[in-house]
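Visitor: target-v3.csv is the file, holding CSV, C-alpha atoms:
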```csv
chain,number,residue,atom,x,y,z
E,1,MET,CA,186.5,-64.3,-9.3
E,2,LEU,CA,185.2,-63.1,-12.6
E,3,TYR,CA,186.9,-62.9,-16.0
E,4,LYS,CA,185.0,-61.2,-18.8
E,5,VAL,CA,186.2,-61.3,-22.4
E,6,ALA,CA,185.0,-60.6,-25.9
E,7,PRO,CA,183.7,-63.3,-28.3
E,8,PHE,CA,186.4,-65.9,-29.2
E,9,LEU,CA,187.9,-66.6,-32.6
E,10,PRO,CA,188.0,-70.3,-33.7
E,11,LEU,CA,190.7,-72.4,-32.1
E,12,VAL,CA,191.6,-76.0,-31.9
E,13,LEU,CA,190.4,-77.9,-28.8
E,14,PRO,CA,192.5,-80.4,-26.8
E,15,VAL,CA,190.9,-83.9,-26.9
E,16,VAL,CA,190.1,-86.8,-24.5
E,17,THR,CA,187.7,-89.7,-24.4
E,18,GLY,CA,185.4,-90.4,-21.5
E,19,SER,CA,181.9,-90.2,-20.1
E,20,LEU,CA,179.6,-87.5,-19.1
E,21,VAL,CA,176.9,-86.8,-16.5
E,22,PRO,CA,173.6,-85.8,-18.3
E,23,LEU,CA,173.2,-82.1,-19.1
E,24,ILE,CA,170.1,-80.1,-18.1
E,25,ALA,CA,168.9,-76.5,-18.5
E,26,ASP,CA,166.8,-73.9,-16.7
E,27,ILE,CA,165.5,-70.6,-18.0
E,28,ASN,CA,162.7,-68.1,-17.7
E,29,ALA,CA,160.8,-68.6,-21.0
E,30,ASP,CA,159.1,-65.2,-21.3
E,31,ALA,CA,162.3,-63.2,-20.5
E,32,VAL,CA,164.3,-65.1,-23.1
E,33,VAL,CA,161.7,-64.8,-25.8
E,34,ASN,CA,161.8,-61.0,-25.4
E,35,LEU,CA,165.6,-61.0,-25.7
E,36,THR,CA,166.1,-63.5,-28.5
E,37,SER,CA,163.0,-63.6,-30.7
E,38,ASN,CA,164.6,-61.4,-33.3
E,39,ILE,CA,168.2,-62.8,-32.9
E,40,SER,CA,169.6,-65.5,-35.2
E,41,LEU,CA,171.7,-68.3,-33.9
E,42,SER,CA,174.8,-67.1,-32.1
E,43,ARG,CA,177.8,-69.4,-31.7
E,44,ARG,CA,181.2,-69.4,-30.2
E,45,ALA,CA,183.0,-71.5,-32.9
E,46,LEU,CA,185.2,-74.2,-31.5
E,47,ALA,CA,184.7,-72.8,-28.0
E,48,PRO,CA,187.6,-72.6,-25.6
E,49,THR,CA,187.9,-75.4,-23.2
E,50,ILE,CA,186.9,-74.7,-19.6
E,51,ASN,CA,189.4,-75.8,-17.1
E,52,PHE,CA,190.1,-75.8,-13.3
E,53,ASP,CA,193.4,-73.8,-13.6
E,54,ASP,CA,192.1,-70.7,-11.8
E,55,SER,CA,189.6,-72.5,-9.5
E,56,ASN,CA,190.2,-73.5,-5.9
E,57,TRP,CA,188.8,-76.3,-3.8
E,58,ILE,CA,186.6,-74.5,-1.4
E,59,TRP,CA,184.8,-75.4,1.9
E,60,THR,CA,183.4,-73.7,5.0
E,61,GLY,CA,186.6,-73.7,7.1
E,62,GLU,CA,185.3,-76.6,9.3
E,63,GLN,CA,185.3,-80.4,9.0
E,64,ALA,CA,181.8,-81.2,10.3
E,65,VAL,CA,179.9,-84.0,8.6
E,66,GLY,CA,176.7,-83.0,6.8
E,67,VAL,CA,175.4,-80.8,4.0
E,68,ARG,CA,176.8,-77.3,3.5
E,69,PRO,CA,175.4,-74.6,1.1
E,70,PHE,CA,177.3,-72.4,-1.3
E,71,ARG,CA,176.0,-69.5,-3.4
E,72,LYS,CA,177.4,-67.3,-6.3
E,73,THR,CA,175.4,-64.5,-7.8
E,74,VAL,CA,175.8,-63.3,-11.4
E,75,PRO,CA,174.2,-59.9,-12.0
E,76,SER,CA,173.2,-58.4,-15.3
E,77,SER,CA,175.3,-55.4,-16.3
E,78,ASN,CA,175.7,-52.6,-18.9
E,79,GLY,CA,172.6,-53.5,-20.8
E,80,THR,CA,173.5,-57.2,-21.3
E,81,SER,CA,172.1,-60.3,-19.6
E,82,PRO,CA,173.4,-63.8,-19.0
E,83,VAL,CA,171.7,-66.4,-21.3
E,84,CYS,CA,173.5,-69.7,-21.0
E,85,ALA,CA,176.1,-71.3,-18.7
E,86,THR,CA,178.5,-74.3,-19.0
E,87,ILE,CA,179.6,-75.7,-15.7
E,88,ILE,CA,182.3,-78.2,-14.8
E,89,ILE,CA,182.6,-79.6,-11.3
E,90,SER,CA,184.3,-82.1,-9.1
E,91,SER,CA,183.3,-82.7,-5.5
E,92,ASP,CA,184.2,-84.6,-2.3
E,93,ASP,CA,181.5,-85.8,-1.5
E,94,PRO,CA,178.0,-85.9,-3.1
E,95,TYR,CA,176.8,-82.6,-4.6
E,96,SER,CA,173.7,-81.0,-6.1
E,97,ILE,CA,173.7,-78.0,-8.5
E,98,ILE,CA,170.8,-75.6,-8.5
E,99,ILE,CA,170.4,-72.6,-10.8
E,100,ASN,CA,167.8,-70.0,-9.9
E,101,GLY,CA,166.0,-72.5,-7.7
E,102,ALA,CA,165.9,-75.5,-10.2
E,103,GLU,CA,168.2,-78.5,-9.8
E,104,ILE,CA,170.2,-79.1,-12.9
E,105,GLY,CA,172.2,-82.1,-11.8
E,106,SER,CA,174.0,-84.1,-9.1
E,107,GLY,CA,176.9,-86.4,-8.6
E,108,SER,CA,180.0,-87.1,-6.5
E,109,GLY,CA,183.7,-88.1,-6.8
E,110,SER,CA,186.8,-86.0,-6.4
E,111,ASN,CA,188.7,-88.1,-8.9
E,112,SER,CA,186.2,-87.4,-11.7
E,113,SER,CA,184.3,-84.4,-13.1
E,114,ALA,CA,181.1,-83.6,-14.9
E,115,VAL,CA,179.8,-80.9,-17.2
E,116,TYR,CA,176.3,-79.3,-17.3
E,117,THR,CA,174.8,-76.8,-19.7
E,118,ALA,CA,172.0,-74.6,-18.5
E,119,GLY,CA,169.9,-71.7,-19.7
E,120,LEU,CA,169.8,-68.6,-17.5
E,121,SER,CA,166.9,-66.4,-16.5
E,122,SER,CA,168.0,-63.1,-18.1
E,123,GLY,CA,166.5,-61.3,-15.2
E,124,ASP,CA,168.2,-59.0,-12.7
E,125,THR,CA,170.4,-61.8,-11.2
E,126,ASP,CA,171.2,-65.4,-11.6
E,127,VAL,CA,172.3,-67.5,-8.7
E,128,PHE,CA,174.3,-70.7,-8.8
E,129,ALA,CA,173.7,-72.7,-5.6
E,130,ILE,CA,175.6,-75.9,-4.8
E,131,ALA,CA,175.0,-78.2,-1.9
E,132,VAL,CA,177.8,-80.5,-0.9
E,133,ASN,CA,177.3,-83.4,1.6
E,134,ASN,CA,180.5,-84.1,3.6
E,135,THR,CA,180.3,-87.8,4.6
E,136,GLY,CA,183.6,-87.7,6.5
E,137,ALA,CA,187.3,-87.1,6.1
E,138,ASN,CA,188.1,-84.7,3.3
E,139,SER,CA,185.5,-82.2,2.1
E,140,GLY,CA,185.1,-79.5,-0.6
E,141,PHE,CA,184.4,-79.0,-4.3
E,142,ILE,CA,185.9,-77.2,-7.2
E,143,ALA,CA,184.1,-75.7,-10.2
E,144,ALA,CA,184.4,-73.4,-13.2
E,145,ILE,CA,181.6,-71.7,-15.0
E,146,LEU,CA,181.5,-70.0,-18.4
E,147,VAL,CA,178.6,-67.6,-18.8
E,148,ASP,CA,177.4,-66.4,-22.2
E,149,TYR,CA,175.8,-63.0,-22.4
E,150,THR,CA,173.2,-61.6,-24.9
E,151,ASP,CA,175.8,-59.2,-26.4
E,152,GLY,CA,178.1,-62.1,-27.3
E,153,THR,CA,180.6,-61.6,-24.5
E,154,THR,CA,181.5,-64.3,-22.0
E,155,GLU,CA,182.4,-64.3,-18.3
E,156,SER,CA,184.4,-66.9,-16.3
E,157,LEU,CA,183.5,-67.7,-12.7
E,158,VAL,CA,185.7,-69.9,-10.5
E,159,THR,CA,185.4,-71.3,-7.1
E,160,ASP,CA,187.2,-69.0,-4.6
E,161,SER,CA,186.5,-66.9,-1.5
E,162,THR,CA,183.8,-64.8,-3.4
E,163,TRP,CA,181.4,-67.7,-3.0
E,164,LYS,CA,179.1,-67.4,0.1
E,165,THR,CA,178.6,-70.3,2.5
E,166,LEU,CA,177.4,-71.3,6.0
E,167,GLN,CA,178.9,-73.5,8.7
E,168,ALA,CA,175.4,-75.0,9.1
E,169,ALA,CA,172.8,-77.0,7.1
E,170,PRO,CA,171.1,-75.1,4.2
E,171,PRO,CA,168.2,-73.0,5.4
E,172,GLY,CA,164.8,-73.0,3.7
E,173,GLY,CA,164.6,-71.1,0.4
E,174,TRP,CA,168.4,-70.7,0.1
E,175,THR,CA,168.5,-71.6,-3.6
E,176,SER,CA,166.2,-68.8,-4.6
E,177,PRO,CA,167.7,-65.7,-6.4
E,178,SER,CA,165.8,-63.5,-3.9
E,179,PHE,CA,167.3,-65.2,-0.8
E,180,ASN,CA,169.3,-62.8,1.4
E,181,ASP,CA,172.8,-64.3,2.0
E,182,SER,CA,174.4,-61.0,3.2
E,183,ALA,CA,175.1,-62.6,6.6
E,184,TRP,CA,176.8,-65.7,5.1
E,185,ILE,CA,180.6,-66.1,5.4
E,186,GLU,CA,183.1,-66.2,2.6
E,187,ALA,CA,184.1,-69.7,1.4
E,188,VAL,CA,187.6,-70.9,2.4
E,189,SER,CA,190.1,-72.0,-0.2
E,190,GLU,CA,191.7,-75.3,0.8
E,191,GLU,CA,195.4,-76.1,0.5
E,192,THR,CA,196.1,-77.0,-3.2
E,193,ALA,CA,199.0,-79.3,-2.1
E,194,SER,CA,196.5,-81.7,-0.6
E,195,ARG,CA,194.3,-81.8,-3.7
E,196,SER,CA,195.0,-83.0,-7.2
E,197,THR,CA,193.4,-81.3,-10.2
E,198,PRO,CA,190.5,-83.5,-11.4
E,199,PRO,CA,190.4,-84.6,-15.0
E,200,LEU,CA,188.3,-82.6,-17.5
E,201,PRO,CA,185.1,-84.1,-18.7
E,202,PRO,CA,184.3,-84.6,-22.4
E,203,ALA,CA,182.0,-82.1,-24.1
E,204,LEU,CA,179.3,-84.8,-24.7
E,205,ASN,CA,179.2,-88.5,-24.0
E,206,MET,CA,179.8,-90.0,-27.5
E,207,THR,CA,180.3,-93.6,-26.3
E,208,GLY,CA,178.4,-96.1,-28.5
E,209,VAL,CA,177.0,-93.4,-30.9
E,210,SER,CA,176.5,-94.7,-34.4
E,211,TRP,CA,177.9,-93.1,-37.5
E,212,ILE,CA,175.6,-92.5,-40.4
E,213,ARG,CA,175.9,-92.5,-44.2
E,214,THR,CA,173.7,-93.0,-47.3
E,215,ASN,CA,172.9,-96.4,-48.7
E,216,GLU,CA,175.4,-96.2,-51.5
E,217,THR,CA,178.2,-98.2,-49.9
E,218,ASP,CA,179.4,-101.0,-52.1
E,219,SER,CA,180.3,-104.6,-51.1
E,220,SER,CA,183.9,-103.6,-50.3
E,221,GLY,CA,182.7,-100.8,-48.0
E,222,VAL,CA,183.5,-97.9,-50.3
E,223,ASP,CA,181.3,-94.8,-50.6
E,224,PRO,CA,181.3,-92.5,-53.6
E,225,ILE,CA,183.2,-89.2,-53.8
E,226,GLY,CA,181.2,-86.1,-53.3
E,227,HIS,CA,178.9,-84.1,-51.0
E,228,ARG,CA,175.9,-85.7,-49.3
E,229,PRO,CA,173.3,-83.9,-47.2
E,230,PHE,CA,171.9,-85.0,-43.8
E,231,ARG,CA,169.0,-83.4,-41.8
E,232,LYS,CA,167.4,-83.9,-38.4
E,233,THR,CA,164.2,-82.1,-37.6
E,234,VAL,CA,163.2,-81.8,-33.9
E,235,THR,CA,159.6,-80.7,-33.1
E,236,LEU,CA,159.6,-79.4,-29.6
E,237,PRO,CA,156.8,-80.3,-27.3
E,238,TYR,CA,154.3,-77.7,-26.3
E,239,GLY,CA,155.8,-75.1,-23.8
E,240,LYS,CA,159.4,-75.9,-24.6
E,241,ALA,CA,161.8,-73.5,-26.2
E,242,ALA,CA,165.4,-74.3,-27.1
E,243,VAL,CA,167.6,-71.7,-25.4
E,244,CYS,CA,171.2,-72.7,-26.1
E,245,GLY,CA,173.1,-75.8,-27.2
E,246,LYS,CA,176.3,-77.7,-28.1
E,247,VAL,CA,177.4,-79.7,-31.1
E,248,VAL,CA,180.1,-82.4,-31.1
E,249,ILE,CA,180.8,-83.7,-34.6
E,250,THR,CA,183.3,-85.2,-37.1
E,251,ALA,CA,183.0,-86.6,-40.5
E,252,ASP,CA,185.0,-88.8,-42.9
E,253,ASP,CA,186.2,-86.7,-44.6
E,254,ALA,CA,184.8,-83.1,-44.1
E,255,TYR,CA,181.6,-81.3,-43.1
E,256,THR,CA,179.7,-78.1,-42.5
E,257,VAL,CA,177.0,-78.2,-39.8
E,258,TYR,CA,174.1,-75.8,-39.5
E,259,ILE,CA,171.3,-75.2,-37.0
E,260,ASN,CA,168.1,-73.5,-38.2
E,261,GLY,CA,169.8,-72.4,-41.4
E,262,ASP,CA,172.8,-70.8,-39.8
E,263,THR,CA,176.4,-72.1,-40.0
E,264,VAL,CA,177.7,-73.5,-36.7
E,265,GLY,CA,181.1,-74.7,-37.9
E,266,SER,CA,183.0,-76.8,-40.5
E,267,SER,CA,186.2,-78.9,-40.6
E,268,ASP,CA,188.3,-80.8,-43.2
E,269,ILE,CA,191.0,-81.9,-40.8
E,270,GLY,CA,189.9,-85.5,-40.8
E,271,TRP,CA,187.7,-87.9,-38.9
E,272,GLN,CA,190.2,-88.9,-36.2
E,273,SER,CA,189.2,-86.0,-33.9
E,274,MET,CA,185.8,-84.6,-33.2
E,275,GLN,CA,185.1,-80.8,-32.8
E,276,ALA,CA,182.9,-79.2,-30.2
E,277,TYR,CA,180.8,-76.0,-31.0
E,278,SER,CA,179.1,-74.0,-28.4
E,279,VAL,CA,175.7,-72.5,-29.4
E,280,PRO,CA,175.2,-69.9,-26.6
E,281,MET,CA,171.9,-68.4,-27.9
E,282,LEU,CA,169.1,-69.8,-30.0
E,283,ASP,CA,166.0,-68.1,-31.3
E,284,THR,CA,163.4,-69.3,-28.8
E,285,ALA,CA,160.6,-68.5,-31.2
E,286,VAL,CA,161.8,-71.3,-33.7
E,287,ASN,CA,160.0,-74.6,-33.6
E,288,PRO,CA,160.9,-77.1,-35.0
E,289,ILE,CA,164.7,-77.1,-34.7
E,290,VAL,CA,166.6,-78.2,-37.8
E,291,ILE,CA,170.1,-79.7,-37.7
E,292,ALA,CA,171.7,-80.0,-41.1
E,293,VAL,CA,175.1,-81.4,-42.2
E,294,ASP,CA,176.8,-81.2,-45.6
E,295,SER,CA,179.2,-84.1,-45.5
E,296,TYR,CA,182.0,-84.5,-48.1
E,297,ASN,CA,183.8,-87.6,-49.1
E,298,ILE,CA,187.1,-86.6,-50.7
E,299,GLU,CA,188.2,-90.0,-52.1
E,300,PRO,CA,186.6,-93.4,-52.7
E,301,SER,CA,186.7,-94.9,-49.1
E,302,PHE,CA,184.6,-95.0,-46.0
E,303,ALA,CA,182.3,-92.0,-45.7
E,304,GLY,CA,179.9,-90.7,-43.1
E,305,LEU,CA,179.5,-88.6,-40.0
E,306,ILE,CA,179.0,-88.9,-36.3
E,307,ALA,CA,177.4,-86.2,-34.1
E,308,GLY,CA,175.8,-85.3,-30.8
E,309,VAL,CA,173.6,-82.2,-30.4
E,310,LEU,CA,172.6,-80.9,-27.0
E,311,LEU,CA,169.6,-78.6,-26.8
E,312,ALA,CA,169.0,-76.9,-23.5
E,313,TYR,CA,165.3,-76.0,-23.0
E,314,ASN,CA,163.4,-73.3,-21.0
E,315,ASP,CA,161.8,-75.7,-18.5
E,316,GLY,CA,164.8,-77.1,-16.7
E,317,THR,CA,165.4,-80.0,-19.1
E,318,SER,CA,167.6,-80.8,-22.0
E,319,GLU,CA,167.8,-83.3,-24.8
E,320,THR,CA,170.8,-84.8,-26.6
E,321,LEU,CA,170.3,-86.0,-30.1
E,322,TYR,CA,172.7,-88.4,-31.7
E,323,THR,CA,173.2,-89.6,-35.3
E,324,ASP,CA,171.0,-92.6,-36.1
E,325,ASP,CA,168.7,-93.9,-38.8
E,326,SER,CA,166.0,-91.2,-38.0
E,327,TRP,CA,168.2,-88.6,-39.9
E,328,LYS,CA,167.2,-88.0,-43.5
E,329,THR,CA,169.7,-88.0,-46.4
E,330,LEU,CA,170.0,-88.2,-50.2
E,331,THR,CA,172.0,-90.3,-52.7
E,332,GLU,CA,172.9,-87.2,-54.6
E,333,SER,CA,174.8,-84.0,-54.2
E,334,THR,CA,173.7,-81.6,-51.5
E,335,PRO,CA,171.0,-79.3,-52.9
E,336,ASP,CA,171.0,-75.5,-52.4
E,337,GLY,CA,169.1,-74.3,-49.4
E,338,PHE,CA,169.0,-77.8,-47.8
E,339,GLU,CA,169.9,-76.3,-44.4
E,340,ALA,CA,166.8,-74.0,-44.2
E,341,ILE,CA,164.1,-74.7,-41.7
E,342,GLY,CA,161.3,-74.8,-44.4
E,343,PHE,CA,163.2,-77.1,-46.8
E,344,ASP,CA,161.1,-80.1,-47.8
E,345,ASP,CA,162.9,-83.4,-47.1
E,346,SER,CA,159.8,-85.6,-47.2
E,347,ALA,CA,161.1,-87.5,-50.2
E,348,TRP,CA,164.5,-88.1,-48.7
E,349,ILE,CA,165.6,-91.6,-47.4
E,350,ASN,CA,166.6,-92.5,-43.9
E,351,ALA,CA,170.3,-92.6,-43.1
E,352,THR,CA,172.1,-95.9,-42.7
E,353,GLU,CA,173.7,-96.5,-39.3
E,354,PHE,CA,177.2,-98.1,-39.1
E,355,ILE,CA,180.1,-98.4,-36.8
E,356,HIS,CA,183.3,-96.9,-38.2
E,357,PRO,CA,186.1,-99.5,-38.1
E,358,ASP,CA,188.3,-97.1,-36.1
E,359,SER,CA,185.5,-95.6,-33.9
E,360,GLU,CA,187.2,-96.3,-30.6
E,361,SER,CA,190.3,-94.2,-31.7
E,362,VAL,CA,188.3,-91.0,-32.5
E,363,ALA,CA,189.1,-88.4,-29.9
E,364,VAL,CA,186.3,-86.4,-28.1
E,365,PRO,CA,187.0,-82.8,-27.1
E,366,PHE,CA,186.9,-81.5,-23.6
E,367,ALA,CA,183.8,-79.6,-22.3
```
With the file now loaded, output its structure as structure tokens.
Guide:
Amino acid sequence: MLYKVAPFLPLVLPVVTGSLVPLIADINADAVVNLTSNISLSRRALAPTINFDDSNWIWTGEQAVGVRPFRKTVPSSNGTSPVCATIIISSDDPYSIIINGAEIGSGSGSNSSAVYTAGLSSGDTDVFAIAVNNTGANSGFIAAILVDYTDGTTESLVTDSTWKTLQAAPPGGWTSPSFNDSAWIEAVSEETASRSTPPLPPALNMTGVSWIRTNETDSSGVDPIGHRPFRKTVTLPYGKAAVCGKVVITADDAYTVYINGDTVGSSDIGWQSMQAYSVPMLDTAVNPIVIAVDSYNIEPSFAGLIAGVLLAYNDGTSETLYTDDSWKTLTESTPDGFEAIGFDDSAWINATEFIHPDSESVAVPFA
């Protein structure tokens, strides 16, 4: 089943703490460069949480032990193309997710879930292929996918009878977008009464991540009032292009975060809850990537920020950058234009890592 909607307005995310399976991406570099080389960063501020509400546990209609394949095709339409996808999944038993022939992740466990972010090919079709290995007893998986398009719209895919499957082991080449699955059968939705809804995963794994601040903290742990800038420059290896991303962040007390000079989001609601921002389309011609944060301490007290930034690349990999002492900062107010790619921060100092005294109580948003 597909649900297509227009770009979302900002909204507040529900929150939870937890862990995350690593996120990986896959995309056709040449196709995306053609689509995005003249497009600035696009974001879905405080993206809506993906959930399993409209998804079903699905299987093949049999209980045989072994691996079974599932496919879902997402075509381009009306002059727009899919560019990025966020996937949440829970499975009984082990699974592997393949997008356009490249594996983006694997796992298992019907009482837990994982999230993956992946670039899409921007070709005629994109194919999500999931292999699930039934090791005995119960079998099946449940998933929800949010697809971002080049025109700023999104589309929701859920597991239901529109997925194609086989009552047999996966054939050769079945994960390729060009594979002919016309003879495959419809997936079978399982009785919901026999299955509980799995918990939602966090947007990023923020466990053990350090906060950062300047070196102005006095002996009593107090930082001065005012704005302080922070920058992280990421030079991409040869052949890599950043396609899309995600930011999870909070600050004591307020912040505005930028990528490549464009505003991603801001908040002044306090450090007790992180916010998640989806960045569904990056300019693939930009290298290096610059992440910049203007952090604001409202009163003499603890000050600083904590962040995780996922960059999904064009070669089937991704990278998650966290706040640490490699970030650059200043012991003075945030200068004009500090968020720009070409801004010179060579004279800035390294940030100071610290653990906020109440770090464990900070809530992390759902994927």
Visitor: Separation of atom CA of E:Glu155 and atom CA of E:Tyr116, in Å?
Guide: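 Separation between atom CA of E:Glu155 and atom CA of E:Tyr116: 16.2 Å.
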Visitor: Have a look at atom CA of E:His356 and atom CA of E:Trp271 and let me know their distance in Å, one decimal.
Guide: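 Atom CA of E:Trp271 lies at a distance of 10.0 Å from atom CA of E:His356.
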Visitor: The residues within 12 Å of (195.2, -70.4, -11.3), using only C-alpha atoms and the coordinates of the file, should be reported as a VMD selection string; which are they?
Guide: chain E and resid 1 51 to 57 144 158 to 160 192 197
Visitor: Axis-aligned box over every listed atom of stretch 272-289 of chain E, padded by 6 Å per side: centre and edges in Å to one decimal, as JSON?
Guide:
```
{"center_x": 175.1, "center_y": -78.5, "center_z": -31.4, "size_x": 42.2, "size_y": 32.8, "size_z": 21.6}
```
Visitor: Work out how far apart atom CA of E:Arg71 and atom CA of E:Ser161 are and give it in Å to one decimal.
Guide: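 Separation of atom CA of E:Arg71 and atom CA of E:Ser161: 11.0 Å.
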Visitor: Counting only C-alpha atoms, figure out which residue out of E:Ser96, E:Gln272, E:Ser110, E:Thr60 gets nearest to E:Lys164.
Guide: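 Closest to E:Lys164, using only C-alpha atoms: E:Thr60.
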Visitor: Might you pull out every residue within 10 Å of E:Gly308, with all atoms listed in the file counted and same-chain residues fewer than 5 positions away left off, and present them as a list of chain:residue names?
Guide: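 Final neighbour list, sorted by chain and number: E:Ala203, E:Leu204, E:Asn205, E:Met206, E:Val209, E:Lys246, E:Val247, E:Val248, E:Ile249, E:Thr250, E:Ala276, E:Thr320, E:Leu321, E:Tyr322, E:Thr323.
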Visitor: Find the residue from E:Pro357, E:Pro335, E:Gly173, E:Pro288 that sits nearest to E:Ala241; use only C-alpha atoms when measuring.
Guide: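 Nearest candidate to E:Ala241 out of E:Pro357, E:Pro335, E:Gly173, E:Pro288: E:Pro288.
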Visitor: Compare E:Val264, E:Ala168, E:Val290, E:Val257 by their minimum atom-to-atom distance to E:Ala307, counting all atoms listed in the file, and give me the closest one.
Guide: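 Going through E:Val264, E:Ala168, E:Val290, E:Val257 one by one, the smallest distance to E:Ala307 is for E:Val257.
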Visitor: Between E:Val286, E:Thr256, E:Ser112, E:Ala85, which has the minimum distance to E:Gly342 (counting only C-alpha atoms)?
Guide: E:Val286
Visitor: Just checking: using all atoms listed in the file, which residue out of E:Ala102, E:Tyr313, E:Phe70, E:Ala351 ends up closest to E:Leu236?
Guide: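 Among E:Ala102, E:Tyr313, E:Phe70, E:Ala351, it is E:Tyr313 that comes nearest to E:Leu236.
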Visitor: Ranking E:Pro229, E:Pro69, E:Gly245, E:Gly152 by minimum distance to E:Gly172 and counting all atoms listed in the file, which one comes first?
Guide: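 Distance minimum relative to E:Gly172 lands on E:Pro69.
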Visitor: Hey, what's within 6 Å of E:Tyr258 if we count all atoms listed in the file and toss same-chain stuff fewer than 2 positions away? As a PyMOL selection string, please?
Guide: chain E and resi 261-264+291-292
Visitor: At a cut-off of 7 Å around the point (177.3, -68.3, -10.5) (file coordinates), what residues fall inside when counting all atoms listed in the file? I'd like the answer as a ChimeraX atom specification.
Guide: /E:72-74,126-128,157
Visitor: Just write the chosen residues, C-alpha atoms, as a JSON list (two decimals), in the coordinates of the input.
Guide:
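Written file, again_33.json:
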```
[["chain", "number", "residue", "atom", "x", "y", "z"],
["E", 72, "LYS", "CA", 177.40, -67.30, -6.30],
["E", 73, "THR", "CA", 175.40, -64.50, -7.80],
["E", 74, "VAL", "CA", 175.80, -63.30, -11.40],
["E", 126, "ASP", "CA", 171.20, -65.40, -11.60],
["E", 127, "VAL", "CA", 172.30, -67.50, -8.70],
["E", 128, "PHE", "CA", 174.30, -70.70, -8.80],
["E", 157, "LEU", "CA", 183.50, -67.70, -12.70]]
```
Visitor: Please list as number ranges by chain every residue within 12 Å of E:Gly61, counting all atoms listed in the file and excluding residues in the same chain fewer than 3 positions away.
Guide: E: 57-58, 64, 68, 138-140, 161, 165-168, 185-191
Visitor: Do you know which residues are at most 12 Å from stretch 324-330 of chain E counting all atoms listed in the file, after dropping those on the same chain fewer than 6 positions away, and could you put them as a VMD selection string?
Guide: chain E and resid 208 to 216 226 to 234 290 to 295 304 to 308 338 to 339 344 to 355
Visitor: List the spatial neighbours of E:Asp148 as a list in words - criterion: any atom at most 10 Å away, all atoms listed in the file, same-chain residues fewer than 6 positions off excluded.
Guide: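 Residues meeting the cut-off are Lys4, Pro7, Arg43, Arg44, Ser81, Pro82, Val83, Cys84, Ala85, Thr86, Gly119, Leu120, Thr154, Glu155, Ser156, Cys244, Ser278, Val279, Pro280 and Met281 of chain E.
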